[in-house]
Amino acid sequence: MRRDSFIPAVIVALAGLVFGSRAAMSKDPRTATTTVPVQVVVTVEANHGKEVPAVSREDVLVYQGRERDEVKDWIPLQGDRARLELFVLLDDASRANLGAQLEDLRKFVLAQPPTTAIGLG
């Protein structure tokens, strides 16, 4: 992927990002640090209606301070990996015409992929 095609994408917060911080081991055990894996969810949006670019592990740069860290894994949360958790709450302030919209709500819930966990209250 070319760098200029990635620039229009705005990273907001679809993919799981796991990276480890550098191990900065010192001879002094009081100042030694260890590698800690971190997991981050990233959403990529297209600018001005353009298509969302495909983002690979090589496209992502991670820094801790001024030191560049290695991206260990990049997993797109799409299809079977989407694992959306959705909770729909209907409260006492719902309008009287809510009954007419329940069929639309049922169709929406049934249209979700099997990996989506849905709660209704």
# chains A, B, ... in the order shown; residues from 1 in each chain; ligands from 1
>>> residues_around(residues="Gly79 (chain A)", least_positions_apart="6", cutoff="10 Å", atoms="only C-alpha atoms", output="PDB file with C-alpha atoms, in the first residue's frame")
ATOM      1  CA  PRO A 113     -23.903 -12.210  11.727  1.00  0.00           C
ATOM      2  CA  PRO A 114     -23.894 -15.231  14.052  1.00  0.00           C
ATOM      3  CA  THR A 115     -20.804 -13.860  15.821  1.00  0.00           C
TER       4      THR A 115
END
>>> residues_around(residues="region 90-105 of chain A", least_positions_apart="5", cutoff="10 Å", atoms="only C-alpha atoms", output="ChimeraX atom specification")
/A:110-111,120-121
>>> write_last_selection(atoms="all heavy atoms", output="PDB file, in the first residue's frame")
ATOM      1  N   LEU A 110     -32.100 -10.137  13.429  1.00  0.00           N
ATOM      2  CA  LEU A 110     -31.891 -11.385  12.679  1.00  0.00           C
ATOM      3  C   LEU A 110     -30.896 -11.232  11.534  1.00  0.00           C
ATOM      4  O   LEU A 110     -30.305 -12.211  11.085  1.00  0.00           O
ATOM      5  CB  LEU A 110     -33.230 -11.905  12.146  1.00  0.00           C
ATOM      6  CG  LEU A 110     -34.210 -12.377  13.221  1.00  0.00           C
ATOM      7  CD1 LEU A 110     -35.547 -12.766  12.589  1.00  0.00           C
ATOM      8  CD2 LEU A 110     -33.631 -13.536  14.021  1.00  0.00           C
ATOM      9  N   ALA A 111     -30.675 -10.006  11.064  1.00  0.00           N
ATOM     10  CA  ALA A 111     -29.728  -9.769   9.976  1.00  0.00           C
ATOM     11  C   ALA A 111     -28.278  -9.717  10.438  1.00  0.00           C
ATOM     12  O   ALA A 111     -27.364  -9.707   9.613  1.00  0.00           O
ATOM     13  CB  ALA A 111     -30.082  -8.454   9.269  1.00  0.00           C
ATOM     14  N   LEU A 120     -31.321  -7.532  24.604  1.00  0.00           N
ATOM     15  CA  LEU A 120     -32.480  -6.658  24.446  1.00  0.00           C
ATOM     16  C   LEU A 120     -33.131  -6.505  25.805  1.00  0.00           C
ATOM     17  O   LEU A 120     -33.423  -7.473  26.483  1.00  0.00           O
ATOM     18  CB  LEU A 120     -33.451  -7.272  23.426  1.00  0.00           C
ATOM     19  CG  LEU A 120     -34.698  -6.503  23.081  1.00  0.00           C
ATOM     20  CD1 LEU A 120     -34.337  -5.159  22.452  1.00  0.00           C
ATOM     21  CD2 LEU A 120     -35.575  -7.295  22.125  1.00  0.00           C
ATOM     22  N   GLY A 121     -33.348  -5.277  26.220  1.00  0.00           N
ATOM     23  CA  GLY A 121     -33.937  -5.034  27.542  1.00  0.00           C
ATOM     24  C   GLY A 121     -34.960  -3.931  27.497  1.00  0.00           C
ATOM     25  O   GLY A 121     -34.993  -3.100  26.617  1.00  0.00           O
TER      26      GLY A 121
END
>>> atom_distance(atom1="CA of Arg57 (chain A)", atom2="CA of Trp74 (chain A)")
5.3 Å
>>> atom_distance(atom1="CA of Phe87 (chain A)", atom2="CA of Val41 (chain A)")
19.4 Å
>>> closest_residue(among="A:Val60, A:Lys72, A:Gly119, A:Arg106", to="Leu84 (chain A)", atoms="only C-alpha atoms")
A:Gly119
>>> select_by_dssp(residues="region 45-108 of chain A", states="strand (DSSP E)", output="PyMOL selection string")
chain A and resi 45+62-64+67-69+71-76+85-88
>>> closest_residue(among="A:Val38, A:Lys107, A:Asn47, A:Ala117", to="Gln64 (chain A)", atoms="only C-alpha atoms")
A:Val38
>>> atom_distance(atom1="CA of Val52 (chain A)", atom2="CA of Glu85 (chain A)")
22.9 Å
